[in-house]
Amino acid sequence: MTRALRPDVVLMDVRMPVMDGGLEATRQIVAELPEARVLLLTTFNLDEYVFAGLRAGAGGFLLKNVPPADLFSGIRAVVDGDSVISPAVTRRLLEVCAAHLPDPATGRSAAGDRLARLTDRERDVLGEVARGHSNAEIAAVLGVTQGTVKIHVGRILNKLGLRDRVQIAIFAYESGIVRPGTNPPL
């Protein structure tokens with residue numbers, strides 16, 4: 001149906017009876033129609049689905065019991081190119097990412113080589129995105145316009161070969177740019 005209808009966003013159930021469920025469908029949609037965003041919905045608050053869904057290219061992950069206003073907000077965020085993850089899952093996601101961060105004493109990692117592609121300002125924006133801040137919040141902290149922040153986010157996505165803000169956050173945590181509990185909020 002996605003091929004025929006070409007929607008802006010697809011609400012996908014993680015567990016489906018055909019293929020490998022919603023995860024395989026998400027992989028195919030992202031591969032064939034990169035302009036379509038996928039928002040995964042599930043009743044299962046399991047890390048394996050979250051990580052697999054994000055790796056498959058989903059723009060977000062929400063539990064089915066999310067309040068309607070939060071669901072609509074999540075849909076709008078994904079359509080706008082942002083990402084959304086259920087608050088119940090976010091903390092566990094950050095804890096898992098933190099466990100895989102490189103030790104600063106060991107030197108540069110493969111992520112360090114990718115980071116070298118970014119300007120200092122783009123690294124600043126990358127860190128703020130990883131902390132979950134909106135474009136408006138980032139603009140206020142850095143003293144630039146929201147449009148400038150959007151341009152920086154687009155350049156970060158392009159230079160690092162990432163799809164969306166969730167992948168920026170994962171990259172930032174995996175590369176050690178941000179660490180849970182050590183970065184002050186706005």
# chains A, B, ... in the order shown; residues from 1 in each chain; ligands from 1
>>> residues_around(residues="stretch 145-152 of chain A", least_positions_apart="3", cutoff="7 Å", atoms="only C-alpha atoms", output="NGL selection string")
:A and (122 or 125 or 135-136 or 139 or 155-156)
>>> closest_residue(among="A:Asp120, A:Asp164, A:Asp70, A:Glu137", to="A:Pro34", atoms="only C-alpha atoms")
A:Asp164
>>> atom_distance(atom1="atom CA of A:Lys159", atom2="atom CA of A:Val141")
23.0 Å
>>> residues_around(residues="A:Val84", least_positions_apart="5", cutoff="9 Å", atoms="only C-alpha atoms", output="ChimeraX atom specification")
/A:39,59-62,73-75,77-78,165-166
>>> atom_distance(atom1="atom CA of A:Val129", atom2="atom CA of A:Arg55")
18.5 Å
>>> select_by_dssp(residues="stretch 15-90 of chain A", states="alpha helix (DSSP H)", output="MDAnalysis selection string")
chainID A and resid 22:32 47:55 68:79 87:90
>>> residues_around(residues="A:Val79", least_positions_apart="6", cutoff="10 Å", atoms="only C-alpha atoms", output="PyMOL selection string")
chain A and resi 7-10+35-39+59+73
>>> write_last_selection(atoms="C-alpha atoms", output="tab-separated table (two decimals), in the first residue's frame")
chain	number	residue	atom	x	y	z
A	7	PRO	CA	2.16	8.60	2.29
A	8	ASP	CA	4.25	11.09	4.26
A	9	VAL	CA	4.08	8.88	7.34
A	10	VAL	CA	3.25	5.23	7.98
A	35	GLU	CA	10.71	10.16	1.70
A	36	ALA	CA	8.11	8.18	3.70
A	37	ARG	CA	8.60	8.24	7.47
A	38	VAL	CA	7.69	5.27	9.65
A	39	LEU	CA	6.37	5.57	13.19
A	59	GLY	CA	11.59	7.69	12.68
A	73	SER	CA	2.40	15.23	18.25
>>> closest_residue(among="A:Leu115, A:Val178, A:Ala130, A:Leu11", to="A:Asp82", atoms="only C-alpha atoms")
A:Ala130
>>> atom_distance(atom1="atom CA of A:Val14", atom2="atom CA of A:Ala52")
9.8 Å
>>> closest_residue(among="A:Pro68, A:Gly161, A:Gly132, A:Gly127", to="A:Thr90", atoms="only C-alpha atoms")
A:Gly132
